[in-house]
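Asks: Can you read through this structure? Questions will come right after.
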Amino acid sequence: MILSINSGSSSLKFMLYSYNDHETVSTGIVERVGMDGSFIEFTKKGKIKVKIEHHCVNHEVAIELMIKTMLDPEYGILDSIDQIKAVGHRVLHGGDIIKHSVVITDSILKAFKDLVDLGPLHMPPNITGIEAAKAVLPYVPHMAIMDTAFHQTMPPHTYMYALPYEWYEKNKVRRYGFHGTSHLYVSRRTAVLLGKEPKDTNAVILHVGNGASACAIKNGKCYDTSMGLTPLEGLMMGTRSGDFDPAIVEYIVDKENLTPSQINTILNKKSGHIGITGKYSDRRDIVDNAEKGDERCKLSLEMECHRIKKYIGAYIGGLGGADAVVFTAGVGEMSPVVREKALEGLECIGVKLDKAKNSICRNRNGEFEISAPDSKVKIFVIPTDEEIVFIEDVVALLHGTYKDHDEYVYSFQNKNYVNQQRKEAFEEDLKTKPELKDIAIYPV
């Protein structure tokens, strides 16, 4: 069994995965860590949902609760703690020091602590989660799966900012990029759908969820990406601003008498869709209310789609042409409206949507082509699977077979790869929406 942990400031997400059976045994979360009203909630094989209230004063107590719950005879997730062979931790930032998944040693943990300034919102809870898990599970190896790793192949002219070079030399100010495991998975699956090797594949990947990022894939590697030093830059997001004129910060500091810290909070948590609509960050709410005539929801939707469109055009230009444009993550997979608006008018660069196919495409289990027959650039919708990247990296590190992701060949790169859980779920989906089969490439 492999245990994966994603530690936030007041939460602890986890997943237990049986690599031998290739299935997720349990997923869950401990909420309100360090606060009143904390609880654990999890599912067993996606079917049995359990919620237990328990005060968790810190992340170590949260992890103890997680293990205790997994061992509870009533729930039957684990017979023994010895079944956990390794723990993988999602870590936001490796800077330009940690460039791939790695076993966490004392020196690696120190490096993470040295990089806190590059990710002040995410790195402290990531580190807290690692230390807490090592305290509770000291006899198994712990691995870090880096959110920035996939983007380490960017050339200097795409990762550097036009700022004083000394800022890069002294303070490591540069573009790093995030959503790396998602972009890795989707880019490899894109190559499979195209019938190409990754090294022969150019694509624009759009990870559009509450957080959103675009990635330009050149010869199977990250060439450019929209998020920067932090996950704030780039596309418009649920609560994050994305790109804006940095001079606005000083202007608003003076006008509103705010501190830099307050501005940072507003840019990360009170901007994007929630900032424009004043109510909503969920695109379903925004689309529904835009259709009912809410002018600010209409504006917010148009702003997001225009921003996506700009990135698609810029990245196809930067790549010198693309084989595919690919949507993934919650909004990318489930919102025909966002996809259509984002692609509208791009026929001039060879990107032509089949609107009928696009309108059908709402599914998290299949992989679909929604481009028109005469589109020069394929348009795919590929549900992301960050967990399989995570698990395969942990297992490879455990067995000593891991290589840098540029060299490592994942199971899902094989044209005969089958995710059995998704296949079964897709077959169930077809019972109520048989038309999905007409646009599905995988599974068929």
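Order determines the names: the first chain of the structure tokens is A, the second B, and so forth; residues in each chain are numbered 1 upward, and ligands are numbered 1 upward as they are shown.
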Based on DSSP run over this structure's backbone, return all residues of stretch 177-223 of chain A in strand (DSSP E), as a tab-separated table (two decimals) with N, CA and C atoms, in the first residue's frame.

Replies:
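Now in result-v5.tsv:
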chain	number	residue	atom	x	y	z
A	203	ALA	N	1.99	20.42	-28.15
A	203	ALA	CA	0.60	20.62	-27.73
A	203	ALA	C	0.48	21.78	-26.77
A	204	VAL	N	-0.74	22.29	-26.64
A	204	VAL	CA	-1.07	23.27	-25.61
A	204	VAL	C	-2.04	22.60	-24.65
A	205	ILE	N	-1.62	22.47	-23.39
A	205	ILE	CA	-2.44	21.82	-22.37
A	205	ILE	C	-3.05	22.90	-21.49
A	206	LEU	N	-4.36	22.81	-21.27
A	206	LEU	CA	-5.09	23.79	-20.45
A	206	LEU	C	-5.70	23.09	-19.25
A	207	HIS	N	-5.05	23.26	-18.10
A	207	HIS	CA	-5.56	22.72	-16.84
A	207	HIS	C	-6.44	23.81	-16.23
A	208	VAL	N	-7.76	23.63	-16.40
A	208	VAL	CA	-8.68	24.69	-15.97
A	208	VAL	C	-9.59	24.14	-14.87
A	212	ALA	N	-5.84	27.38	-12.31
A	212	ALA	CA	-5.77	27.12	-13.75
A	212	ALA	C	-4.39	27.49	-14.28
A	213	SER	N	-3.91	26.68	-15.21
A	213	SER	CA	-2.63	26.99	-15.86
A	213	SER	C	-2.59	26.41	-17.26
A	214	ALA	N	-1.85	27.08	-18.13
A	214	ALA	CA	-1.61	26.62	-19.48
A	214	ALA	C	-0.17	26.17	-19.59
A	215	CYS	N	0.07	25.20	-20.48
A	215	CYS	CA	1.42	24.68	-20.64
A	215	CYS	C	1.67	24.41	-22.13
A	216	ALA	N	2.77	24.93	-22.63
A	216	ALA	CA	3.19	24.67	-24.01
A	216	ALA	C	4.15	23.49	-24.00
A	217	ILE	N	3.78	22.43	-24.71
A	217	ILE	CA	4.58	21.21	-24.77
A	217	ILE	C	5.31	21.16	-26.12
A	218	LYS	N	6.63	21.12	-26.06
A	218	LYS	CA	7.45	21.06	-27.28
A	218	LYS	C	8.29	19.79	-27.24
A	221	LYS	N	8.13	17.94	-23.95
A	221	LYS	CA	8.62	18.56	-22.73
A	221	LYS	C	7.98	19.92	-22.54
A	222	CYS	N	7.97	20.38	-21.29
A	222	CYS	CA	7.46	21.71	-21.02
A	222	CYS	C	8.39	22.75	-21.63
A	223	TYR	N	7.82	23.59	-22.46
A	223	TYR	CA	8.57	24.68	-23.09
A	223	TYR	C	8.22	26.02	-22.44

Asks: Rank A:Ile130, A:Leu398, A:Leu109, A:Val325 by their smallest atom-to-atom distance to A:Val186, using only C-alpha atoms, and report the top residue only.

Replies: A:Val325

Asks: Looking at A:Lys437, A:His399, A:His273, A:Lys298, which one is nearest to A:Asn363, with distances taken over only C-alpha atoms?

Replies: A:Lys437

Asks: I'd like the neighbourhood of A:Phe112 as number ranges by chain, where a residue qualifies if any of its atoms comes within 8 Å (using only C-alpha atoms), though same-chain residues fewer than 2 positions away should be ignored.

Replies: A: 93-94, 108-110, 114-116, 123, 127

Asks: Using atom CA of A:Leu258 and atom CA of A:Gly275 as the two end points, give the distance in Å to one decimal.

Replies: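 According to the coordinates, atom CA of A:Leu258 and atom CA of A:Gly275 are separated by 16.8 Å.
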
Asks: Would you mind telling me which residue in A:Tyr251, A:Tyr408, A:Phe39, A:Tyr17 lies nearest to A:Gly88 when using only C-alpha atoms?

Replies: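 Residue with the minimum atom-to-atom distance to A:Gly88: A:Tyr17.
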
Asks: Can you work out which one of A:Leu16, A:Leu163, A:Cys297, A:Ile274 has the shortest atom-to-atom distance to A:Met236, counting only C-alpha atoms?

Replies: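 Going through A:Leu16, A:Leu163, A:Cys297, A:Ile274 one by one, the smallest distance to A:Met236 is for A:Ile274.
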
Asks: Go ahead and compute the interatomic distance for atom CA of A:Thr239 and atom CA of A:Glu304, in Å to one decimal.

Replies: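 Taking atom CA of A:Thr239 as the start and atom CA of A:Glu304 as the end point, the length is 12.0 Å.
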
Asks: Run DSSP on the backbone and tell me which residues of stretch 224-409 of chain A come out as helix (DSSP H, G or I); list them as a PyMOL selection string.

Replies: chain A and resi 247-256+260-269+272-277+283-291+295-319+329-334+336-343+346-349+355-360+386-399

Asks: A:Glu53: which residues within 9 Å, counting only C-alpha atoms, same-chain residues fewer than 5 positions away excluded, as an mmCIF file with N, CA and C atoms, in the first residue's frame?

Replies:
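Written out: out33.cif:
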data_model
loop_
_atom_site.group_PDB
_atom_site.id
_atom_site.type_symbol
_atom_site.label_atom_id
_atom_site.label_comp_id
_atom_site.auth_asym_id
_atom_site.auth_seq_id
_atom_site.Cartn_x
_atom_site.Cartn_y
_atom_site.Cartn_z
ATOM 1 N N GLY A 37 -14.028 21.995 15.809
ATOM 2 C CA GLY A 37 -14.890 21.320 14.850
ATOM 3 C C GLY A 37 -14.168 20.488 13.821
ATOM 4 N N SER A 38 -12.943 20.053 14.113
ATOM 5 C CA SER A 38 -12.203 19.250 13.128
ATOM 6 C C SER A 38 -12.805 17.849 13.023
ATOM 7 N N PHE A 39 -12.630 17.246 11.841
ATOM 8 C CA PHE A 39 -13.204 15.918 11.583
ATOM 9 C C PHE A 39 -12.443 15.257 10.447
ATOM 10 N N ILE A 40 -12.619 13.925 10.372
ATOM 11 C CA ILE A 40 -12.084 13.155 9.252
ATOM 12 C C ILE A 40 -13.260 12.619 8.438
ATOM 13 N N GLU A 41 -13.103 12.650 7.122
ATOM 14 C CA GLU A 41 -14.123 12.122 6.224
ATOM 15 C C GLU A 41 -13.414 11.347 5.118
#

Asks: What's the 9 Å shell around A:Glu302, counting only C-alpha atoms, without same-chain residues fewer than 5 positions away, as a CSV table (one decimal) with C-alpha atoms, in the first residue's frame?

Replies:
chain,number,residue,atom,x,y,z
A,297,CYS,CA,-21.2,36.6,-14.3
A,307,ARG,CA,-7.5,35.0,-21.3
A,338,VAL,CA,-15.9,27.6,-21.3
A,341,LYS,CA,-15.9,30.5,-25.8
A,342,ALA,CA,-12.2,29.9,-25.3

Asks: So that I can see what lies close to A:Met334, please list as a list in words the residues with an atom at most 10 Å from it, counting only C-alpha atoms and leaving out residues fewer than 5 positions away in the same chain.

Replies: Val208, Gly209, Arg283, Arg284, Phe327, Thr328, Ala329, Arg339, Asn358, Ser359, Ile360, Cys361, Arg362, Asn363, Arg364, Val381 and Pro383 of chain A
